[in-house]
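A.B. asks: File model18.pdb below, PDB, C-alpha atoms:
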MODEL        1
ATOM      1  CA  MET L  18       0.000   0.000   0.000  1.00  0.00           C
ATOM      2  CA  ILE L  19       1.137   3.498  -0.719  1.00  0.00           C
ATOM      3  CA  ASP L  20       1.284   5.737   2.323  1.00  0.00           C
ATOM      4  CA  PRO L  21      -1.178   8.618   2.221  1.00  0.00           C
ATOM      5  CA  VAL L  22       0.315  12.019   1.604  1.00  0.00           C
ATOM      6  CA  SER L  23       0.927  13.569   5.006  1.00  0.00           C
ATOM      7  CA  ALA L  24       0.543  17.195   5.871  1.00  0.00           C
ATOM      8  CA  VAL L  25       3.626  19.383   5.600  1.00  0.00           C
ATOM      9  CA  GLY L  26       2.468  21.623   8.425  1.00  0.00           C
ATOM     10  CA  ALA L  27       5.361  20.872  10.769  1.00  0.00           C
ATOM     11  CA  PRO L  28       8.178  22.106   8.501  1.00  0.00           C
ATOM     12  CA  LEU L  29       6.107  25.123   7.487  1.00  0.00           C
ATOM     13  CA  ALA L  30       5.533  25.968  11.134  1.00  0.00           C
ATOM     14  CA  SER L  31       9.275  25.867  11.774  1.00  0.00           C
ATOM     15  CA  ILE L  32       9.883  28.174   8.805  1.00  0.00           C
ATOM     16  CA  GLY L  33       7.317  30.558  10.221  1.00  0.00           C
ATOM     17  CA  SER L  34       9.056  30.613  13.573  1.00  0.00           C
ATOM     18  CA  MET L  35      12.369  31.285  11.796  1.00  0.00           C
ATOM     19  CA  GLU L  36      10.851  34.231   9.984  1.00  0.00           C
ATOM     20  CA  SER L  37       9.440  35.694  13.158  1.00  0.00           C
ATOM     21  CA  ALA L  38      12.841  35.275  14.824  1.00  0.00           C
ATOM     22  CA  THR L  39      14.594  37.200  12.059  1.00  0.00           C
ATOM     23  CA  ALA L  40      11.871  39.817  11.853  1.00  0.00           C
ATOM     24  CA  ALA L  41      12.020  40.476  15.589  1.00  0.00           C
ATOM     25  CA  GLN L  42      15.387  42.252  15.398  1.00  0.00           C
ATOM     26  CA  PRO L  43      15.407  45.419  13.292  1.00  0.00           C
ATOM     27  CA  PRO L  44      18.564  46.210  11.270  1.00  0.00           C
ATOM     28  CA  THR L  45      21.039  48.106  13.416  1.00  0.00           C
ATOM     29  CA  ALA L  46      22.894  49.906  10.604  1.00  0.00           C
ATOM     30  CA  ASP L  47      21.460  51.621   7.554  1.00  0.00           C
ATOM     31  CA  PHE L  48      21.734  50.185   4.069  1.00  0.00           C
ATOM     32  CA  ALA L  49      24.549  52.461   2.893  1.00  0.00           C
ATOM     33  CA  THR L  50      26.766  51.337   5.786  1.00  0.00           C
ATOM     34  CA  TRP L  51      26.004  47.707   5.011  1.00  0.00           C
ATOM     35  CA  LEU L  52      26.779  48.159   1.321  1.00  0.00           C
ATOM     36  CA  THR L  53      30.046  49.968   2.029  1.00  0.00           C
ATOM     37  CA  GLN L  54      31.036  47.189   4.407  1.00  0.00           C
ATOM     38  CA  GLN L  55      30.223  44.549   1.797  1.00  0.00           C
ATOM     39  CA  VAL L  56      32.205  46.377  -0.875  1.00  0.00           C
ATOM     40  CA  ASP L  57      35.160  46.603   1.517  1.00  0.00           C
ATOM     41  CA  ASP L  58      34.784  42.889   2.212  1.00  0.00           C
ATOM     42  CA  VAL L  59      34.799  42.082  -1.510  1.00  0.00           C
ATOM     43  CA  ASN L  60      37.826  44.303  -1.998  1.00  0.00           C
ATOM     44  CA  THR L  61      39.684  42.467   0.765  1.00  0.00           C
ATOM     45  CA  LYS L  62      38.816  39.104  -0.765  1.00  0.00           C
ATOM     46  CA  ILE L  63      39.943  40.162  -4.238  1.00  0.00           C
ATOM     47  CA  ALA L  64      43.183  41.564  -2.789  1.00  0.00           C
ATOM     48  CA  GLN L  65      43.752  38.270  -0.945  1.00  0.00           C
ATOM     49  CA  ALA L  66      43.166  36.246  -4.109  1.00  0.00           C
ATOM     50  CA  ASP L  67      45.450  38.566  -6.069  1.00  0.00           C
ATOM     51  CA  MET L  68      48.164  38.184  -3.428  1.00  0.00           C
ATOM     52  CA  GLN L  69      47.876  34.399  -3.553  1.00  0.00           C
ATOM     53  CA  VAL L  70      48.076  34.377  -7.356  1.00  0.00           C
ATOM     54  CA  ARG L  71      51.251  36.468  -7.132  1.00  0.00           C
ATOM     55  CA  GLU L  72      52.687  34.095  -4.522  1.00  0.00           C
ATOM     56  CA  LEU L  73      51.858  31.157  -6.791  1.00  0.00           C
ATOM     57  CA  ALA L  74      53.569  32.845  -9.724  1.00  0.00           C
ATOM     58  CA  VAL L  75      56.649  33.658  -7.654  1.00  0.00           C
ATOM     59  CA  GLY L  76      56.749  30.154  -6.203  1.00  0.00           C
ATOM     60  CA  THR L  77      56.384  30.832  -2.476  1.00  0.00           C
ATOM     61  CA  ASN L  78      52.900  29.322  -2.434  1.00  0.00           C
ATOM     62  CA  THR L  79      52.359  26.017  -4.225  1.00  0.00           C
ATOM     63  CA  ASN L  80      48.827  25.355  -3.049  1.00  0.00           C
ATOM     64  CA  ILE L  81      46.929  25.628  -6.320  1.00  0.00           C
ATOM     65  CA  HIS L  82      43.512  24.631  -5.033  1.00  0.00           C
ATOM     66  CA  GLN L  83      43.728  27.178  -2.196  1.00  0.00           C
ATOM     67  CA  VAL L  84      44.363  29.908  -4.764  1.00  0.00           C
ATOM     68  CA  MET L  85      41.471  28.748  -6.927  1.00  0.00           C
ATOM     69  CA  ILE L  86      39.153  28.605  -3.903  1.00  0.00           C
ATOM     70  CA  SER L  87      40.134  32.147  -2.911  1.00  0.00           C
ATOM     71  CA  LEU L  88      39.438  33.301  -6.467  1.00  0.00           C
ATOM     72  CA  GLU L  89      36.039  31.615  -6.407  1.00  0.00           C
ATOM     73  CA  LYS L  90      35.185  33.143  -3.030  1.00  0.00           C
ATOM     74  CA  ALA L  91      36.097  36.588  -4.338  1.00  0.00           C
ATOM     75  CA  HIS L  92      34.041  35.953  -7.464  1.00  0.00           C
ATOM     76  CA  LEU L  93      30.990  34.906  -5.443  1.00  0.00           C
ATOM     77  CA  SER L  94      31.211  37.928  -3.143  1.00  0.00           C
ATOM     78  CA  LEU L  95      31.566  40.244  -6.121  1.00  0.00           C
ATOM     79  CA  GLU L  96      28.566  38.590  -7.765  1.00  0.00           C
ATOM     80  CA  LEU L  97      26.488  39.138  -4.610  1.00  0.00           C
ATOM     81  CA  VAL L  98      27.369  42.832  -4.486  1.00  0.00           C
ATOM     82  CA  MET L  99      26.617  43.141  -8.210  1.00  0.00           C
ATOM     83  CA  GLN L 100      23.178  41.587  -7.713  1.00  0.00           C
ATOM     84  CA  VAL L 101      22.436  43.930  -4.812  1.00  0.00           C
ATOM     85  CA  ARG L 102      23.556  46.870  -6.971  1.00  0.00           C
ATOM     86  CA  ASN L 103      21.242  45.697  -9.768  1.00  0.00           C
ATOM     87  CA  LYS L 104      18.311  45.558  -7.389  1.00  0.00           C
ATOM     88  CA  VAL L 105      19.053  49.006  -5.973  1.00  0.00           C
ATOM     89  CA  LEU L 106      19.382  50.497  -9.458  1.00  0.00           C
ATOM     90  CA  GLU L 107      16.163  48.816 -10.522  1.00  0.00           C
ATOM     91  CA  ALA L 108      14.330  50.319  -7.549  1.00  0.00           C
ATOM     92  CA  TYR L 109      15.844  53.728  -8.279  1.00  0.00           C
ATOM     93  CA  GLN L 110      14.768  53.560 -11.947  1.00  0.00           C
ATOM     94  CA  ASN L 111      11.258  52.622 -10.858  1.00  0.00           C
ATOM     95  CA  MET L 112      11.145  55.623  -8.535  1.00  0.00           C
ATOM     96  CA  MET L 113      12.422  57.999 -11.225  1.00  0.00           C
ATOM     97  CA  GLN L 114       9.855  56.809 -13.756  1.00  0.00           C
ATOM     98  CA  MET L 115       7.035  57.678 -11.377  1.00  0.00           C
ATOM     99  CA  GLN L 116       4.559  60.188 -12.831  1.00  0.00           C
ATOM    100  CA  VAL L 117       4.349  63.411 -10.864  1.00  0.00           C
TER     101      VAL L 117
ATOM    102  CA  MET T   8      25.657  27.324   7.619  1.00  0.00           C
ATOM    103  CA  ASP T   9      27.623  29.738   5.494  1.00  0.00           C
ATOM    104  CA  ILE T  10      28.371  28.497   1.970  1.00  0.00           C
ATOM    105  CA  SER T  11      32.039  29.383   2.423  1.00  0.00           C
ATOM    106  CA  SER T  12      32.304  26.808   5.215  1.00  0.00           C
ATOM    107  CA  ILE T  13      31.533  24.177   2.558  1.00  0.00           C
ATOM    108  CA  PHE T  14      34.439  25.611   0.566  1.00  0.00           C
ATOM    109  CA  ASP T  15      36.693  25.381   3.613  1.00  0.00           C
ATOM    110  CA  ILE T  16      35.710  21.765   4.255  1.00  0.00           C
ATOM    111  CA  SER T  17      36.381  20.886   0.602  1.00  0.00           C
ATOM    112  CA  ALA T  18      39.706  22.713   0.841  1.00  0.00           C
ATOM    113  CA  ALA T  19      40.629  20.620   3.875  1.00  0.00           C
ATOM    114  CA  GLY T  20      39.775  17.483   1.900  1.00  0.00           C
ATOM    115  CA  MET T  21      41.911  18.663  -1.023  1.00  0.00           C
ATOM    116  CA  ASN T  22      44.783  19.490   1.339  1.00  0.00           C
ATOM    117  CA  LEU T  23      44.560  16.005   2.777  1.00  0.00           C
ATOM    118  CA  GLU T  24      44.601  14.314  -0.635  1.00  0.00           C
ATOM    119  CA  ARG T  25      47.552  16.456  -1.645  1.00  0.00           C
ATOM    120  CA  GLN T  26      49.389  15.390   1.508  1.00  0.00           C
ATOM    121  CA  ARG T  27      48.633  11.732   0.752  1.00  0.00           C
ATOM    122  CA  LEU T  28      49.964  12.238  -2.777  1.00  0.00           C
ATOM    123  CA  GLU T  29      53.127  13.837  -1.387  1.00  0.00           C
ATOM    124  CA  VAL T  30      53.691  10.915   0.963  1.00  0.00           C
ATOM    125  CA  SER T  31      53.040   8.463  -1.862  1.00  0.00           C
ATOM    126  CA  ALA T  32      55.512  10.300  -4.087  1.00  0.00           C
ATOM    127  CA  LEU T  33      58.102  10.220  -1.288  1.00  0.00           C
ATOM    128  CA  ASN T  34      57.602   6.472  -0.846  1.00  0.00           C
ATOM    129  CA  MET T  35      57.915   5.827  -4.581  1.00  0.00           C
ATOM    130  CA  ALA T  36      60.961   8.055  -4.955  1.00  0.00           C
ATOM    131  CA  ASN T  37      62.694   6.363  -2.029  1.00  0.00           C
ATOM    132  CA  ALA T  38      61.779   2.816  -3.032  1.00  0.00           C
ATOM    133  CA  ASN T  39      65.462   2.018  -3.542  1.00  0.00           C
ATOM    134  CA  THR T  40      67.007   4.178  -0.792  1.00  0.00           C
ATOM    135  CA  THR T  41      69.176   1.801   1.215  1.00  0.00           C
ATOM    136  CA  ARG T  42      70.669   4.342   3.571  1.00  0.00           C
ATOM    137  CA  GLY T  43      69.100   7.468   5.006  1.00  0.00           C
ATOM    138  CA  ALA T  44      70.514  10.204   7.218  1.00  0.00           C
ATOM    139  CA  ASP T  45      70.348   7.891  10.245  1.00  0.00           C
ATOM    140  CA  GLY T  46      72.185   5.059   8.463  1.00  0.00           C
ATOM    141  CA  GLN T  47      69.002   2.972   8.259  1.00  0.00           C
ATOM    142  CA  PRO T  48      67.092   2.164   5.070  1.00  0.00           C
ATOM    143  CA  PHE T  49      64.215   4.496   4.270  1.00  0.00           C
ATOM    144  CA  THR T  50      61.048   3.684   6.216  1.00  0.00           C
ATOM    145  CA  PRO T  51      57.838   3.908   4.172  1.00  0.00           C
ATOM    146  CA  LEU T  52      55.481   6.609   5.391  1.00  0.00           C
ATOM    147  CA  GLN T  53      51.714   6.602   5.660  1.00  0.00           C
ATOM    148  CA  VAL T  54      49.067   9.241   6.348  1.00  0.00           C
ATOM    149  CA  ILE T  55      46.728   8.647   9.264  1.00  0.00           C
ATOM    150  CA  VAL T  56      43.522  10.652   8.820  1.00  0.00           C
ATOM    151  CA  ARG T  57      41.824  12.026  11.904  1.00  0.00           C
ATOM    152  CA  SER T  58      38.848  14.319  12.307  1.00  0.00           C
ATOM    153  CA  GLY T  59      39.794  17.969  12.609  1.00  0.00           C
ATOM    154  CA  MET T  60      37.191  18.332  15.337  1.00  0.00           C
ATOM    155  CA  THR T  61      38.775  19.296  18.631  1.00  0.00           C
ATOM    156  CA  PRO T  62      37.358  18.235  22.020  1.00  0.00           C
ATOM    157  CA  PHE T  63      36.367  21.882  22.465  1.00  0.00           C
ATOM    158  CA  ASP T  64      34.172  21.721  19.341  1.00  0.00           C
ATOM    159  CA  ALA T  65      32.500  18.546  20.575  1.00  0.00           C
ATOM    160  CA  VAL T  66      31.732  20.038  24.000  1.00  0.00           C
ATOM    161  CA  PHE T  67      30.558  23.299  22.399  1.00  0.00           C
ATOM    162  CA  ASN T  68      28.153  21.428  20.120  1.00  0.00           C
ATOM    163  CA  ALA T  69      26.841  19.283  22.966  1.00  0.00           C
ATOM    164  CA  VAL T  70      26.212  22.239  25.273  1.00  0.00           C
ATOM    165  CA  ASN T  71      25.130  24.845  22.745  1.00  0.00           C
ATOM    166  CA  GLY T  72      23.435  22.697  20.120  1.00  0.00           C
ATOM    167  CA  GLY T  73      25.811  24.385  17.676  1.00  0.00           C
ATOM    168  CA  THR T  74      27.213  23.076  14.446  1.00  0.00           C
ATOM    169  CA  LEU T  75      30.964  23.537  14.779  1.00  0.00           C
ATOM    170  CA  THR T  76      32.356  21.159  12.195  1.00  0.00           C
ATOM    171  CA  GLY T  77      36.028  21.731  12.811  1.00  0.00           C
ATOM    172  CA  ALA T  78      38.114  22.225   9.699  1.00  0.00           C
ATOM    173  CA  GLY T  79      37.517  18.867   8.065  1.00  0.00           C
ATOM    174  CA  PRO T  80      39.966  15.966   8.158  1.00  0.00           C
ATOM    175  CA  VAL T  81      43.544  16.329   9.318  1.00  0.00           C
ATOM    176  CA  GLY T  82      46.281  13.989   8.122  1.00  0.00           C
ATOM    177  CA  GLN T  83      49.200  12.898  10.287  1.00  0.00           C
ATOM    178  CA  VAL T  84      52.299  11.460   8.621  1.00  0.00           C
ATOM    179  CA  GLN T  85      53.612   8.363  10.385  1.00  0.00           C
ATOM    180  CA  THR T  86      56.093   5.679   9.528  1.00  0.00           C
ATOM    181  CA  ALA T  87      54.469   2.510   8.254  1.00  0.00           C
ATOM    182  CA  ASP T  88      55.469  -0.651  10.079  1.00  0.00           C
ATOM    183  CA  VAL T  89      56.615  -2.554   6.989  1.00  0.00           C
ATOM    184  CA  PRO T  90      59.590  -4.930   7.177  1.00  0.00           C
ATOM    185  CA  PRO T  91      62.417  -4.105   4.730  1.00  0.00           C
ATOM    186  CA  ARG T  92      62.922  -6.130   1.584  1.00  0.00           C
ATOM    187  CA  GLN T  93      66.105  -8.239   1.772  1.00  0.00           C
ATOM    188  CA  VAL T  94      68.043  -8.558  -1.471  1.00  0.00           C
ATOM    189  CA  TYR T  95      71.260 -10.576  -1.809  1.00  0.00           C
ATOM    190  CA  GLU T  96      73.873  -8.150  -3.193  1.00  0.00           C
ATOM    191  CA  PRO T  97      77.256  -8.954  -1.631  1.00  0.00           C
ATOM    192  CA  GLY T  98      79.084  -6.188  -3.485  1.00  0.00           C
ATOM    193  CA  HIS T  99      76.751  -3.457  -2.236  1.00  0.00           C
ATOM    194  CA  PRO T 100      78.324  -1.032   0.280  1.00  0.00           C
ATOM    195  CA  ASP T 101      75.202  -1.236   2.498  1.00  0.00           C
ATOM    196  CA  ALA T 102      75.140  -5.037   2.566  1.00  0.00           C
ATOM    197  CA  ASP T 103      75.172  -6.742   5.970  1.00  0.00           C
ATOM    198  CA  ALA T 104      77.526  -9.529   7.045  1.00  0.00           C
ATOM    199  CA  ASN T 105      75.545 -12.135   5.070  1.00  0.00           C
ATOM    200  CA  GLY T 106      75.574 -10.018   1.896  1.00  0.00           C
ATOM    201  CA  PHE T 107      71.923  -8.940   2.155  1.00  0.00           C
ATOM    202  CA  VAL T 108      70.901  -5.349   1.450  1.00  0.00           C
ATOM    203  CA  SER T 109      67.770  -4.005   3.196  1.00  0.00           C
ATOM    204  CA  TYR T 110      65.590  -2.182   0.695  1.00  0.00           C
ATOM    205  CA  PRO T 111      62.553  -0.197   1.954  1.00  0.00           C
ATOM    206  CA  GLY T 112      59.352  -2.218   2.049  1.00  0.00           C
ATOM    207  CA  VAL T 113      57.650   0.008  -0.506  1.00  0.00           C
ATOM    208  CA  ASN T 114      55.110  -1.873  -2.580  1.00  0.00           C
ATOM    209  CA  PRO T 115      54.903  -0.205  -6.006  1.00  0.00           C
ATOM    210  CA  VAL T 116      51.565  -1.870  -6.792  1.00  0.00           C
ATOM    211  CA  SER T 117      49.817  -0.614  -3.652  1.00  0.00           C
ATOM    212  CA  GLU T 118      51.387   2.813  -4.153  1.00  0.00           C
ATOM    213  CA  MET T 119      49.924   2.910  -7.674  1.00  0.00           C
ATOM    214  CA  VAL T 120      46.501   1.936  -6.334  1.00  0.00           C
ATOM    215  CA  ARG T 121      46.817   4.663  -3.698  1.00  0.00           C
ATOM    216  CA  LEU T 122      47.702   7.113  -6.471  1.00  0.00           C
ATOM    217  CA  ILE T 123      44.437   6.321  -8.249  1.00  0.00           C
ATOM    218  CA  ALA T 124      42.434   6.529  -5.014  1.00  0.00           C
ATOM    219  CA  VAL T 125      44.011   9.890  -4.127  1.00  0.00           C
ATOM    220  CA  THR T 126      43.280  11.298  -7.573  1.00  0.00           C
ATOM    221  CA  ARG T 127      39.667  10.192  -7.441  1.00  0.00           C
ATOM    222  CA  ALA T 128      39.190  11.489  -3.893  1.00  0.00           C
ATOM    223  CA  TYR T 129      40.633  14.860  -4.912  1.00  0.00           C
ATOM    224  CA  GLU T 130      38.263  14.964  -7.872  1.00  0.00           C
ATOM    225  CA  ALA T 131      35.378  14.152  -5.541  1.00  0.00           C
ATOM    226  CA  ASN T 132      36.317  17.099  -3.330  1.00  0.00           C
ATOM    227  CA  VAL T 133      36.478  19.360  -6.366  1.00  0.00           C
ATOM    228  CA  ARG T 134      33.024  18.137  -7.382  1.00  0.00           C
ATOM    229  CA  VAL T 135      31.658  18.985  -3.932  1.00  0.00           C
ATOM    230  CA  PHE T 136      33.233  22.426  -4.162  1.00  0.00           C
ATOM    231  CA  ASN T 137      31.731  22.994  -7.616  1.00  0.00           C
ATOM    232  CA  ALA T 138      28.331  21.837  -6.383  1.00  0.00           C
ATOM    233  CA  GLY T 139      28.444  24.381  -3.561  1.00  0.00           C
ATOM    234  CA  ARG T 140      29.630  27.058  -5.959  1.00  0.00           C
ATOM    235  CA  SER T 141      26.908  26.423  -8.530  1.00  0.00           C
ATOM    236  CA  MET T 142      24.356  26.364  -5.709  1.00  0.00           C
ATOM    237  CA  ALA T 143      25.508  29.810  -4.588  1.00  0.00           C
ATOM    238  CA  MET T 144      25.505  31.092  -8.166  1.00  0.00           C
ATOM    239  CA  LYS T 145      21.984  29.728  -8.659  1.00  0.00           C
ATOM    240  CA  ALA T 146      20.895  31.433  -5.447  1.00  0.00           C
ATOM    241  CA  LEU T 147      22.202  34.720  -6.817  1.00  0.00           C
ATOM    242  CA  GLU T 148      19.991  34.223  -9.859  1.00  0.00           C
ATOM    243  CA  ILE T 149      16.853  34.387  -7.712  1.00  0.00           C
ATOM    244  CA  GLY T 150      14.625  37.144  -8.984  1.00  0.00           C
ATOM    245  CA  SER T 151      16.685  37.968 -12.067  1.00  0.00           C
ATOM    246  CA  GLY T 152      14.552  36.009 -14.526  1.00  0.00           C
ATOM    247  CA  ARG T 153      12.701  39.071 -15.783  1.00  0.00           C
TER     248      ARG T 153
ENDMDL
END
Please re-express this file's structure in structure tokens.
C.D. replies:
Amino acid sequence: MIDPVSAVGAPLASIGSMESATAAQPPTADFATWLTQQVDDVNTKIAQADMQVRELAVGTNTNIHQVMISLEKAHLSLELVMQVRNKVLEAYQNMMQMQV
Amino acid sequence: MDISSIFDISAAGMNLERQRLEVSALNMANANTTRGADGQPFTPLQVIVRSGMTPFDAVFNAVNGGTLTGAGPVGQVQTADVPPRQVYEPGHPDADANGFVSYPGVNPVSEMVRLIAVTRAYEANVRVFNAGRSMAMKALEIGSGR
């Protein structure tokens, strides 16, 4: 016999509690501060990856996969900031197209 | 769990496989070394893999319900307890009183098999890394399908 389809209420309830937990604490810093911090973070990661590539080229660091992982991490962080920038620009364009 | 912790775990796995490859290369290169710095024939080495989880992490997880995973596996290089291979070469400078030379007990066949296993395990770690990466890239595509 095939088991009847059970309700998925329990996982949904846990998701709801997660949402309420995150919603309970308001953001402490404003968006501009957050974005600046993220950009700084990305910059640090790219500088780290660049440094490791240089070390690999010079021969002091021979850990190829570590270098590749650093590059990928930097790439992912940059991609995240780019996506956030796209969203912000999109919102700004929407605002500017508003009829007055 | 942060996606970069997956990267770190994969990196630990890749480090470990690299270390195993290094040890394997050392064993193969020294397969015919009859006298080392200590006057003894080369002793084959092996990598013992332990969890990178410290007792602190275990206690922290138990008390806090946290998910400290440590930094993945950690390899320790130890000498393998393999008896040396005795070869009758009376003219050899390292021969003993009976004319036998002690060669390291390196088994080229098992080293070759280990080479294949290490390569495949490294590839598996790279696959895990790529899976995490493509997951993150897919997540960044959320909402951009317009």
A.B. asks: Please, which residues in chain L fall within 9 Å of chain T when counting only C-alpha atoms, and what is the closest atom pair and distance in Å to one decimal for each, ordered by chain then residue number, as a tab-separated table?
C.D. replies:
residue	atom	partner	partner_atom	distance
L:Asn80	CA	T:Asn22	CA	8.4
L:His82	CA	T:Ala18	CA	7.3
L:Gln83	CA	T:Ala18	CA	6.7
L:Ile86	CA	T:Phe14	CA	7.2
L:Glu89	CA	T:Arg140	CA	7.9
L:Lys90	CA	T:Ser11	CA	7.3
L:Leu93	CA	T:Met144	CA	7.2
L:Glu96	CA	T:Leu147	CA	7.5
L:Leu97	CA	T:Leu147	CA	6.5
L:Gln100	CA	T:Leu147	CA	7.0
A.B. asks: Apply the PyMOL selection byres ((chain T and resi 111-119) around 8) to the displayed file and report the matching residues as JSON, numbers by chain.
C.D. replies: {"T": [31, 34, 35, 37, 38, 39, 40, 41, 48, 49, 50, 51, 89, 90, 91, 92, 109, 110, 120, 121, 122, 123]}
A.B. asks: Could you work out how far CA of Ala131 (chain T) lies from CA of Ile63 (chain L), giving the answer in Å with one decimal?
C.D. replies: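 Going from CA of Ile63 (chain L) over to CA of Ala131 (chain T) covers 26.4 Å.
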A.B. asks: Could you jot down the CA of Arg57 (chain T) to CA of Gly82 (chain T) separation for me, Å, one decimal place?
C.D. replies: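 According to the coordinates, CA of Arg57 (chain T) and CA of Gly82 (chain T) are separated by 6.2 Å.
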A.B. asks: Using all atoms listed in the file, which of the listed residues (T:Val81, T:Val108, T:Met142, T:Ile13) sits closest to Ser58 (chain T)?
C.D. replies: T:Val81
A.B. asks: Just give me the gap between CA of Gln85 (chain T) and CA of Val84 (chain L) in Å, one decimal is fine.
C.D. replies: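 Computing it gives 27.9 Å between the two atoms.
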A.B. asks: Extract, using all atoms listed in the file, all DNA, RNA and protein residues at most 12 Å from Met68 (chain L), discarding same-chain residues fewer than 5 positions from it, and format them as a list in words.
C.D. replies: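 Here the qualifying residues turn out to be Thr61, Lys62, Ile63, Leu73, Ala74, Val75, Thr77, Asn78, Gln83, Val84, Ser87 and Leu88 of chain L.
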A.B. asks: Would you mind listing what lies within 12 Å of Arg102 (chain L) as a PyMOL selection string, with all atoms listed in the file counted and same-chain residues fewer than 3 positions away left out?
C.D. replies: chain L and resi 48-49+52-53+55-56+95-99+105-109
